[in-house]
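Asker: Just so it is clear, I am handing over input-v3.csv, which has CSV, C-alpha atoms.
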```csv
chain,number,residue,atom,x,y,z
A,1,MET,CA,0.0,0.0,0.0
A,2,LEU,CA,1.7,3.1,-1.4
A,3,SER,CA,5.0,1.5,-0.7
A,4,ARG,CA,7.9,3.3,-2.3
A,5,ALA,CA,11.4,4.5,-1.5
A,6,PHE,CA,11.7,8.2,-1.0
A,7,THR,CA,15.5,8.5,-0.9
A,8,LYS,CA,17.9,10.1,-3.3
A,9,PRO,CA,21.6,9.5,-3.9
A,10,LYS,CA,23.9,11.7,-1.9
A,11,ARG,CA,24.9,14.9,-3.6
A,12,SER,CA,27.2,17.8,-2.9
A,13,PHE,CA,26.5,20.0,0.1
A,14,LYS,CA,28.2,23.3,-0.4
A,15,GLU,CA,28.7,26.1,2.1
A,16,TYR,CA,27.9,23.8,5.0
A,17,GLY,CA,28.3,25.0,8.5
A,18,GLU,CA,29.3,28.3,9.8
A,19,ASN,CA,33.0,27.9,9.1
A,20,SER,CA,33.2,25.0,6.7
A,21,ARG,CA,34.6,25.0,3.2
A,22,SER,CA,32.9,23.8,0.1
A,23,GLY,CA,33.0,20.1,-0.6
A,24,SER,CA,31.1,16.9,-1.0
A,25,ILE,CA,29.2,15.3,1.9
A,26,SER,CA,31.5,12.3,1.7
A,27,GLU,CA,34.6,14.4,2.0
A,28,TYR,CA,33.2,16.4,4.9
A,29,ASP,CA,32.1,13.2,6.7
A,30,ASP,CA,35.5,11.6,6.2
A,31,CYS,CA,37.1,14.6,7.7
A,32,ILE,CA,34.9,14.5,10.8
A,33,VAL,CA,35.0,10.8,11.3
A,34,GLY,CA,38.7,10.3,10.7
A,35,PHE,CA,40.3,13.3,12.2
A,36,ILE,CA,38.4,14.4,15.3
A,37,ASP,CA,37.4,12.8,18.5
A,38,ASP,CA,33.9,11.3,18.6
A,39,LEU,CA,31.3,13.5,20.3
A,40,PRO,CA,28.2,12.2,22.1
A,41,LEU,CA,24.8,13.5,21.0
A,42,ILE,CA,22.6,15.0,23.7
A,43,PRO,CA,19.4,12.9,24.1
A,44,CYS,CA,16.0,14.6,24.2
A,45,GLU,CA,14.1,11.5,25.4
A,46,ASN,CA,14.0,9.8,28.8
A,47,ASN,CA,15.9,6.6,28.5
A,48,GLY,CA,16.6,7.5,24.9
A,49,PRO,CA,19.4,5.7,22.9
A,50,SER,CA,23.0,6.9,23.3
A,51,LEU,CA,24.2,8.2,20.0
A,52,SER,CA,27.5,9.6,18.8
A,53,LEU,CA,28.5,11.9,16.0
A,54,LYS,CA,30.5,9.2,14.3
A,55,GLU,CA,27.7,6.7,14.5
A,56,VAL,CA,25.1,8.9,12.9
A,57,LEU,CA,27.5,10.1,10.1
A,58,ARG,CA,28.8,6.6,9.3
A,59,THR,CA,25.3,5.1,9.2
A,60,SER,CA,23.8,7.8,7.0
A,61,VAL,CA,22.6,5.9,3.9
A,62,SER,CA,20.9,8.5,1.7
A,63,VAL,CA,19.9,12.2,1.3
A,64,MET,CA,16.1,12.6,1.7
A,65,GLY,CA,16.0,16.4,1.0
A,66,GLU,CA,18.2,19.5,0.7
A,67,ASN,CA,17.4,23.2,0.9
A,68,ALA,CA,18.9,26.5,1.7
A,69,ARG,CA,18.5,25.9,5.5
A,70,GLY,CA,20.1,22.4,5.6
A,71,LEU,CA,20.3,18.8,4.6
A,72,THR,CA,18.1,15.9,5.7
A,73,GLU,CA,19.4,12.3,5.7
A,74,LYS,CA,18.2,8.8,6.4
A,75,VAL,CA,20.2,7.1,9.1
A,76,VAL,CA,20.2,3.3,9.9
A,77,LEU,CA,21.7,2.8,13.3
A,78,SER,CA,23.6,-0.4,14.4
A,79,ASN,CA,20.5,-1.6,16.2
A,80,ALA,CA,18.5,-1.3,12.9
A,81,ARG,CA,16.6,1.7,14.2
A,82,LEU,CA,15.8,4.3,11.5
A,83,CYS,CA,16.3,8.0,12.2
A,84,THR,CA,16.2,11.3,10.3
A,85,LEU,CA,19.3,13.5,10.6
A,86,LYS,CA,19.0,17.2,9.9
A,87,ARG,CA,22.2,19.2,9.5
A,88,PHE,CA,21.9,23.0,9.5
A,89,ARG,CA,23.9,25.2,7.2
A,90,LYS,CA,23.9,28.5,9.2
A,91,VAL,CA,22.9,28.4,12.9
A,92,ILE,CA,21.8,31.8,14.2
A,93,VAL,CA,22.2,31.2,18.0
A,94,ARG,CA,25.0,30.3,20.2
A,95,LYS,CA,25.6,26.8,21.7
A,96,SER,CA,23.8,27.2,25.0
A,97,GLU,CA,20.8,28.9,23.3
A,98,PHE,CA,20.7,26.3,20.6
A,99,GLY,CA,20.5,23.5,23.2
A,100,ARG,CA,17.9,25.3,25.2
A,101,ARG,CA,15.7,25.9,22.2
A,102,VAL,CA,16.0,22.3,20.8
A,103,GLU,CA,15.2,20.9,24.2
A,104,LYS,CA,12.1,23.1,24.5
A,105,LEU,CA,11.0,22.2,21.0
A,106,ALA,CA,11.6,18.5,21.8
A,107,GLN,CA,9.5,18.7,25.0
A,108,ILE,CA,6.5,20.0,23.0
A,109,CYS,CA,7.0,17.7,19.9
A,110,ASN,CA,7.4,14.6,22.1
A,111,ASN,CA,4.0,15.3,23.7
A,112,CYS,CA,1.9,15.6,20.6
A,113,ASP,CA,0.7,12.8,18.3
A,114,TYR,CA,0.8,15.2,15.3
A,115,LEU,CA,4.4,16.5,15.6
A,116,VAL,CA,7.6,14.6,14.7
A,117,PRO,CA,9.5,13.7,17.9
A,118,ILE,CA,13.0,15.0,18.3
A,119,THR,CA,15.5,12.4,19.6
A,120,ALA,CA,18.8,14.1,20.0
A,121,TYR,CA,21.0,17.0,19.0
A,122,LEU,CA,24.5,18.3,18.7
A,123,TYR,CA,26.2,21.6,18.5
A,124,ALA,CA,29.9,21.3,17.6
A,125,LYS,CA,32.3,23.7,16.1
A,126,ARG,CA,31.7,22.6,12.5
A,127,ILE,CA,28.5,20.7,12.6
A,128,LYS,CA,25.0,21.4,14.1
A,129,LEU,CA,22.4,18.8,13.8
A,130,VAL,CA,19.1,17.4,15.1
A,131,VAL,CA,18.0,13.8,15.1
A,132,SER,CA,14.3,12.9,14.8
A,133,ASP,CA,12.0,9.9,14.1
A,134,TYR,CA,12.0,8.5,10.6
A,135,TYR,CA,8.8,7.8,8.5
A,136,PRO,CA,9.2,5.2,5.8
A,137,MET,CA,6.2,6.5,3.8
A,138,GLY,CA,8.1,9.7,3.3
A,139,SER,CA,6.6,13.2,3.1
A,140,LEU,CA,3.4,14.5,1.7
A,141,ALA,CA,5.4,16.1,-1.1
A,142,ASP,CA,6.8,12.6,-2.0
A,143,LEU,CA,3.3,11.0,-2.1
A,144,LEU,CA,1.8,13.7,-4.2
A,145,SER,CA,4.7,13.8,-6.6
A,146,GLY,CA,4.7,10.0,-6.9
A,147,GLY,CA,1.0,9.9,-7.7
A,148,ARG,CA,1.5,12.5,-10.4
A,149,ARG,CA,4.2,10.3,-11.9
A,150,GLY,CA,1.8,7.3,-12.2
A,151,GLN,CA,2.4,5.6,-8.9
A,152,THR,CA,-0.6,4.9,-6.6
A,153,ALA,CA,-2.2,8.2,-5.9
A,154,LEU,CA,-3.9,9.2,-2.6
A,155,ASN,CA,-7.6,8.9,-2.7
A,156,TRP,CA,-9.9,11.5,-1.1
A,157,ASN,CA,-10.4,9.7,2.2
A,158,GLU,CA,-6.7,9.4,2.6
A,159,ARG,CA,-6.2,13.0,1.9
A,160,VAL,CA,-8.8,13.9,4.4
A,161,ILE,CA,-7.0,12.0,7.1
A,162,ILE,CA,-3.8,13.9,6.3
A,163,ILE,CA,-5.5,17.3,6.2
A,164,GLU,CA,-7.1,16.8,9.6
A,165,SER,CA,-3.8,15.6,11.1
A,166,ILE,CA,-2.0,18.7,9.8
A,167,ALA,CA,-4.7,21.0,11.2
A,168,ARG,CA,-4.4,19.4,14.6
A,169,ALA,CA,-0.7,19.8,14.6
A,170,ILE,CA,-0.9,23.5,13.8
A,171,SER,CA,-3.7,24.0,16.3
A,172,PHE,CA,-1.5,22.3,19.0
A,173,ILE,CA,1.4,24.7,18.2
A,174,HIS,CA,-0.8,27.8,18.0
A,175,GLY,CA,-2.3,27.0,21.3
A,176,GLN,CA,1.1,27.0,23.1
A,177,SER,CA,1.3,29.0,26.3
A,178,PRO,CA,3.3,31.0,27.1
A,179,GLU,CA,3.5,32.3,23.6
A,180,THR,CA,7.1,33.4,23.9
A,181,VAL,CA,9.9,31.9,25.9
A,182,LYS,CA,13.1,33.9,26.1
A,183,ASN,CA,12.8,35.5,22.7
A,184,MET,CA,11.6,32.3,21.0
A,185,LYS,CA,8.0,32.2,19.6
A,186,MET,CA,6.5,28.9,20.8
A,187,ASN,CA,3.1,29.4,19.1
A,188,VAL,CA,4.3,29.6,15.5
A,189,HIS,CA,5.7,26.8,13.3
A,190,GLY,CA,7.3,29.0,10.7
A,191,ASN,CA,7.9,26.6,7.8
A,192,ILE,CA,4.8,24.6,7.0
A,193,LYS,CA,5.0,23.0,3.6
A,194,SER,CA,4.3,19.6,2.0
A,195,SER,CA,7.9,18.4,2.3
A,196,ASN,CA,7.7,19.0,6.1
A,197,ILE,CA,4.6,16.8,6.5
A,198,MET,CA,5.6,13.2,7.3
A,199,ILE,CA,3.2,10.4,6.6
A,200,ASN,CA,2.6,7.4,8.9
A,201,ILE,CA,1.8,3.9,7.7
A,202,ASP,CA,-1.9,4.5,8.6
A,203,LEU,CA,-1.7,7.7,6.6
A,204,THR,CA,-2.0,10.0,9.5
A,205,ALA,CA,0.4,12.8,9.3
A,206,ARG,CA,3.0,14.5,11.6
A,207,LEU,CA,4.4,18.0,11.1
A,208,SER,CA,8.2,18.2,11.2
A,209,ASP,CA,10.7,21.1,11.6
A,210,TYR,CA,8.6,22.9,14.2
A,211,GLY,CA,10.6,26.0,15.3
A,212,PHE,CA,13.7,25.2,13.2
A,213,VAL,CA,13.5,28.6,11.5
A,214,GLN,CA,14.4,30.0,14.9
A,215,LEU,CA,17.5,27.8,15.0
A,216,ALA,CA,19.0,28.3,11.6
A,217,ASP,CA,18.9,30.7,8.7
A,218,CYS,CA,18.9,30.1,5.0
A,219,VAL,CA,22.1,30.4,3.0
A,220,LYS,CA,21.5,32.8,0.1
A,221,ASP,CA,22.6,31.7,-3.4
A,222,CYS,CA,22.8,28.1,-2.2
A,223,ASP,CA,22.7,25.5,-5.0
A,224,THR,CA,20.1,22.9,-4.1
A,225,LYS,CA,17.7,20.7,-5.9
A,226,GLU,CA,14.7,22.4,-4.2
A,227,LYS,CA,15.8,25.7,-5.5
A,228,HIS,CA,15.7,24.5,-9.1
A,229,ALA,CA,12.5,22.5,-8.6
A,230,THR,CA,10.3,25.5,-8.2
A,231,THR,CA,10.5,28.8,-10.0
A,232,HIS,CA,8.5,30.6,-7.3
A,233,ASN,CA,8.5,30.2,-3.6
A,234,ILE,CA,4.8,29.7,-2.9
A,235,TYR,CA,5.1,29.7,0.9
A,236,CYS,CA,5.0,32.7,3.2
A,237,GLU,CA,8.2,33.1,5.2
A,238,ASN,CA,7.0,35.5,7.9
A,239,LEU,CA,7.2,34.1,11.4
A,240,SER,CA,3.5,34.5,12.4
A,241,GLN,CA,0.4,32.5,12.9
A,242,LYS,CA,-1.3,34.2,9.9
A,243,SER,CA,1.7,33.0,7.7
A,244,ASP,CA,1.3,29.5,9.1
A,245,VAL,CA,-2.4,29.6,8.1
A,246,PHE,CA,-1.5,30.9,4.6
A,247,ASN,CA,1.0,28.0,4.1
A,248,PHE,CA,-1.6,25.5,5.3
A,249,GLY,CA,-3.9,26.9,2.6
A,250,MET,CA,-1.2,26.4,0.0
A,251,VAL,CA,-0.7,22.8,1.1
A,252,LEU,CA,-4.5,22.3,0.8
A,253,LEU,CA,-4.5,23.6,-2.8
A,254,ASP,CA,-1.6,21.4,-3.7
A,255,MET,CA,-3.5,18.4,-2.3
A,256,LEU,CA,-6.7,19.3,-4.1
A,257,ALA,CA,-5.3,20.3,-7.5
A,258,GLY,CA,-1.6,20.3,-7.6
A,259,VAL,CA,-1.5,24.2,-7.4
A,260,GLN,CA,2.1,25.1,-6.9
A,261,ASP,CA,2.2,28.6,-8.3
A,262,LEU,CA,0.9,31.8,-6.7
A,263,SER,CA,0.1,33.2,-10.2
A,264,TYR,CA,-2.9,30.8,-10.3
A,265,MET,CA,-4.5,32.2,-7.2
A,266,ASP,CA,-6.5,35.0,-8.7
A,267,CYS,CA,-7.7,32.7,-11.5
A,268,ILE,CA,-9.0,30.2,-8.9
A,269,VAL,CA,-10.8,32.8,-7.0
A,270,LYS,CA,-12.5,34.2,-10.1
A,271,LEU,CA,-13.5,30.7,-11.3
A,272,GLU,CA,-14.5,29.3,-7.9
A,273,GLU,CA,-18.2,29.3,-8.8
A,274,SER,CA,-17.6,27.5,-12.1
A,275,ILE,CA,-15.4,25.0,-10.3
A,276,LYS,CA,-18.3,24.3,-7.8
A,277,GLN,CA,-20.7,23.9,-10.7
A,278,GLY,CA,-18.4,21.4,-12.3
A,279,ASP,CA,-18.0,23.5,-15.5
A,280,ILE,CA,-14.2,23.5,-15.1
A,281,PRO,CA,-12.1,20.5,-14.2
A,282,PHE,CA,-10.1,21.4,-11.1
A,283,PHE,CA,-9.4,18.4,-8.8
A,284,GLU,CA,-6.6,16.1,-9.7
A,285,PHE,CA,-8.5,12.9,-8.5
A,286,HIS,CA,-11.9,11.4,-9.2
A,287,MET,CA,-14.7,11.8,-6.8
A,288,LYS,CA,-18.4,12.5,-6.7
A,289,GLY,CA,-21.4,12.9,-4.3
A,290,LYS,CA,-20.4,13.4,-0.7
A,291,GLU,CA,-16.7,13.4,-1.4
A,292,ARG,CA,-17.0,16.2,-3.9
A,293,LYS,CA,-19.0,18.3,-1.4
A,294,GLN,CA,-16.3,17.8,1.1
A,295,ALA,CA,-13.6,18.7,-1.4
A,296,LEU,CA,-15.4,21.9,-2.4
A,297,LYS,CA,-15.7,22.9,1.3
A,298,VAL,CA,-12.0,22.3,1.7
A,299,LEU,CA,-11.4,24.5,-1.3
A,300,GLU,CA,-13.3,27.3,0.4
A,301,ILE,CA,-11.1,26.9,3.5
A,302,ALA,CA,-8.0,26.9,1.3
A,303,LEU,CA,-9.0,30.1,-0.4
A,304,ALA,CA,-9.8,31.8,2.9
A,305,CYS,CA,-6.4,30.7,4.3
A,306,THR,CA,-4.6,32.2,1.3
A,307,SER,CA,-6.3,35.6,1.3
A,308,SER,CA,-4.0,38.4,0.4
A,309,LEU,CA,-5.1,40.2,3.6
A,310,PRO,CA,-3.7,38.4,6.6
A,311,GLU,CA,-6.3,39.9,9.0
A,312,THR,CA,-9.1,38.1,7.0
A,313,ARG,CA,-7.5,34.7,7.2
A,314,PRO,CA,-9.3,32.4,9.7
A,315,SER,CA,-7.6,31.1,12.8
A,316,ILE,CA,-6.4,27.5,12.8
A,317,HIS,CA,-8.8,26.7,15.6
A,318,GLN,CA,-11.8,27.9,13.4
A,319,ILE,CA,-10.4,25.9,10.5
A,320,LEU,CA,-10.2,22.7,12.6
A,321,PHE,CA,-13.7,23.3,13.9
A,322,ASP,CA,-15.0,23.6,10.3
A,323,LEU,CA,-13.1,20.5,9.2
A,324,THR,CA,-14.3,18.4,12.1
A,325,HIS,CA,-17.9,19.6,11.6
A,326,LEU,CA,-17.6,18.9,7.8
A,327,LEU,CA,-16.4,15.4,8.3
A,328,LYS,CA,-19.1,14.6,10.9
A,329,THR,CA,-22.0,15.9,9.0
A,330,SER,CA,-20.9,14.3,5.7
A,331,LYS,CA,-20.8,10.8,7.1
```
Write the structure described by the file as structure tokens, please.

Answerer:
Amino acid sequence: MLSRAFTKPKRSFKEYGENSRSGSISEYDDCIVGFIDDLPLIPCENNGPSLSLKEVLRTSVSVMGENARGLTEKVVLSNARLCTLKRFRKVIVRKSEFGRRVEKLAQICNNCDYLVPITAYLYAKRIKLVVSDYYPMGSLADLLSGGRRGQTALNWNERVIIIESIARAISFIHGQSPETVKNMKMNVHGNIKSSNIMINIDLTARLSDYGFVQLADCVKDCDTKEKHATTHNIYCENLSQKSDVFNFGMVLLDMLAGVQDLSYMDCIVKLEESIKQGDIPFFEFHMKGKERKQALKVLEIALACTSSLPETRPSIHQILFDLTHLLKTSK
């Protein structure tokens, strides 16, 4: 069921770290593993596994994703446990603050069924990383892309499960109190997008990278596959709840119709009534009756979320209420 491998061959990782030189991942790893003492990772779980820098670097088997903020790898530990390793390019806080922030984020993530748990972290002179749980189904972006390439596509009921999970994850984050802890916003995610939505075997979803935008900055002019994959950045990068809601709306449009370009937004708004009447093909999957009514309601929510006026966008709590009501009344 939807089984596929979402891994890519390792590629070059330039401008990595705050003081590192350009070079391939393999060259950089060989330098670390071969010429410095091993360093223990700091666990974020009670009774969590003891990990070391050399172990996670030596057992990294593939690159899962790469962007201007960092590199994400699949790690197979000696006990056969699978983990995800995220290495940051440019950390924006000092060592003690980095540790404090990661531990606070881990405390929140590890107590929510809709956020990816954080296992461990390390802040060393030339490498800063976070280890989290691994999800063999990959990300929502992987599933949507695979379906569009002819692999088994998600049906509507599976998409609904994912949509509700994402909304619950965002609602959990936006409900955090206190809202700010020592200059760190706890009630904002900051980087919601389909590649940061991980899928469980039962097709429920978990949101990853919560708070990571407050740990590391993007490296400008960084040569990554993600940069070349999309001409326009469709996601809002402001650190606010309204931006989180906007990005959630863009994820919904991607799930409904593969919309990945902001230039289509005005067109969708103008043609919304024709889409509802079925005069214009819009959805990328087949459905009818109750499912079509649900999808049209989700489209309304998506358009409200992506309003050009932030103050008119609904709160995530209102969105979750509408989604829950929609699913209950449509059964």

Asker: Can you pull out the residues contacting A:Asn238? Cut-off 12 Å, using only C-alpha atoms, and skip same-chain residues under 2 positions away; I want them as number ranges by chain.

Answerer: A: 188-192, 213-214, 235-236, 240-247, 310

Asker: Could you give me, as an MDAnalysis selection string, the residues within 12 Å of A:Asp209, counting only C-alpha atoms and dropping anything in the same chain fewer than 6 positions from it?

Answerer: chainID A and resid 69:70 72 84:88 102 105:106 109 115:118 130:133 169 173 188:198 215:216

Asker: Please produce a file of those selected residues containing C-alpha atoms, as a PDB file, keeping the file's coordinate frame.

Answerer:
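See out_5.pdb below for the written result:
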```
ATOM      1  CA  ARG A  69      18.500  25.900   5.500  1.00  0.00           C
ATOM      2  CA  GLY A  70      20.100  22.400   5.600  1.00  0.00           C
ATOM      3  CA  THR A  72      18.100  15.900   5.700  1.00  0.00           C
ATOM      4  CA  THR A  84      16.200  11.300  10.300  1.00  0.00           C
ATOM      5  CA  LEU A  85      19.300  13.500  10.600  1.00  0.00           C
ATOM      6  CA  LYS A  86      19.000  17.200   9.900  1.00  0.00           C
ATOM      7  CA  ARG A  87      22.200  19.200   9.500  1.00  0.00           C
ATOM      8  CA  PHE A  88      21.900  23.000   9.500  1.00  0.00           C
ATOM      9  CA  VAL A 102      16.000  22.300  20.800  1.00  0.00           C
ATOM     10  CA  LEU A 105      11.000  22.200  21.000  1.00  0.00           C
ATOM     11  CA  ALA A 106      11.600  18.500  21.800  1.00  0.00           C
ATOM     12  CA  CYS A 109       7.000  17.700  19.900  1.00  0.00           C
ATOM     13  CA  LEU A 115       4.400  16.500  15.600  1.00  0.00           C
ATOM     14  CA  VAL A 116       7.600  14.600  14.700  1.00  0.00           C
ATOM     15  CA  PRO A 117       9.500  13.700  17.900  1.00  0.00           C
ATOM     16  CA  ILE A 118      13.000  15.000  18.300  1.00  0.00           C
ATOM     17  CA  VAL A 130      19.100  17.400  15.100  1.00  0.00           C
ATOM     18  CA  VAL A 131      18.000  13.800  15.100  1.00  0.00           C
ATOM     19  CA  SER A 132      14.300  12.900  14.800  1.00  0.00           C
ATOM     20  CA  ASP A 133      12.000   9.900  14.100  1.00  0.00           C
ATOM     21  CA  ALA A 169      -0.700  19.800  14.600  1.00  0.00           C
ATOM     22  CA  ILE A 173       1.400  24.700  18.200  1.00  0.00           C
ATOM     23  CA  VAL A 188       4.300  29.600  15.500  1.00  0.00           C
ATOM     24  CA  HIS A 189       5.700  26.800  13.300  1.00  0.00           C
ATOM     25  CA  GLY A 190       7.300  29.000  10.700  1.00  0.00           C
ATOM     26  CA  ASN A 191       7.900  26.600   7.800  1.00  0.00           C
ATOM     27  CA  ILE A 192       4.800  24.600   7.000  1.00  0.00           C
ATOM     28  CA  LYS A 193       5.000  23.000   3.600  1.00  0.00           C
ATOM     29  CA  SER A 194       4.300  19.600   2.000  1.00  0.00           C
ATOM     30  CA  SER A 195       7.900  18.400   2.300  1.00  0.00           C
ATOM     31  CA  ASN A 196       7.700  19.000   6.100  1.00  0.00           C
ATOM     32  CA  ILE A 197       4.600  16.800   6.500  1.00  0.00           C
ATOM     33  CA  MET A 198       5.600  13.200   7.300  1.00  0.00           C
ATOM     34  CA  LEU A 215      17.500  27.800  15.000  1.00  0.00           C
ATOM     35  CA  ALA A 216      19.000  28.300  11.600  1.00  0.00           C
TER      36      ALA A 216
END
```

Asker: Between atom CA of A:Ala205 and atom CA of A:Tyr114, measure the distance and give it in Å to one decimal.

Answerer: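 Going from atom CA of A:Ala205 over to atom CA of A:Tyr114 covers 6.5 Å.
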
Asker: What does the distance from atom CA of A:Ile161 to atom CA of A:Gly147 come to in Å, to one decimal?

Answerer: 17.0 Å

Asker: For A:Asn155, which residue out of A:Val298, A:Leu262, A:Ile319, A:Leu203 is the nearest one, using only C-alpha atoms?

Answerer: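 Result for the nearest residue to A:Asn155: A:Leu203.
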
Asker: Determine, counting all atoms listed in the file, which protein, DNA and RNA residues have an atom within 10 Å of an atom of A:Asn200; residues of the same chain fewer than 2 positions away are not included. Present the result as a ChimeraX atom specification.

Answerer: /A:134-139,162,197-198,202-206

Asker: Which of these residues is nearest to A:Thr119, using all atoms listed in the file: A:Ile301, A:Ile42, A:Met184, A:Ile166?

Answerer: A:Ile42

Asker: Between A:Ala68, A:Leu320, A:Cys305, A:Leu252, which one has atoms that come closest to A:Arg168, using all atoms listed in the file?

Answerer: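 Closest residue, counting all atoms listed in the file: A:Leu320.
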
Asker: What is the atom CA of A:Leu53 to atom CA of A:Lys90 distance in Å?

Answerer: 18.5 Å

Asker: So which residues are close to (-11.8, 11.0, -3.1), meaning at most 7 Å away in the file's coordinates with all atoms listed in the file counted, and can you show them as a ChimeraX atom specification?

Answerer: /A:155-157,285-287,291
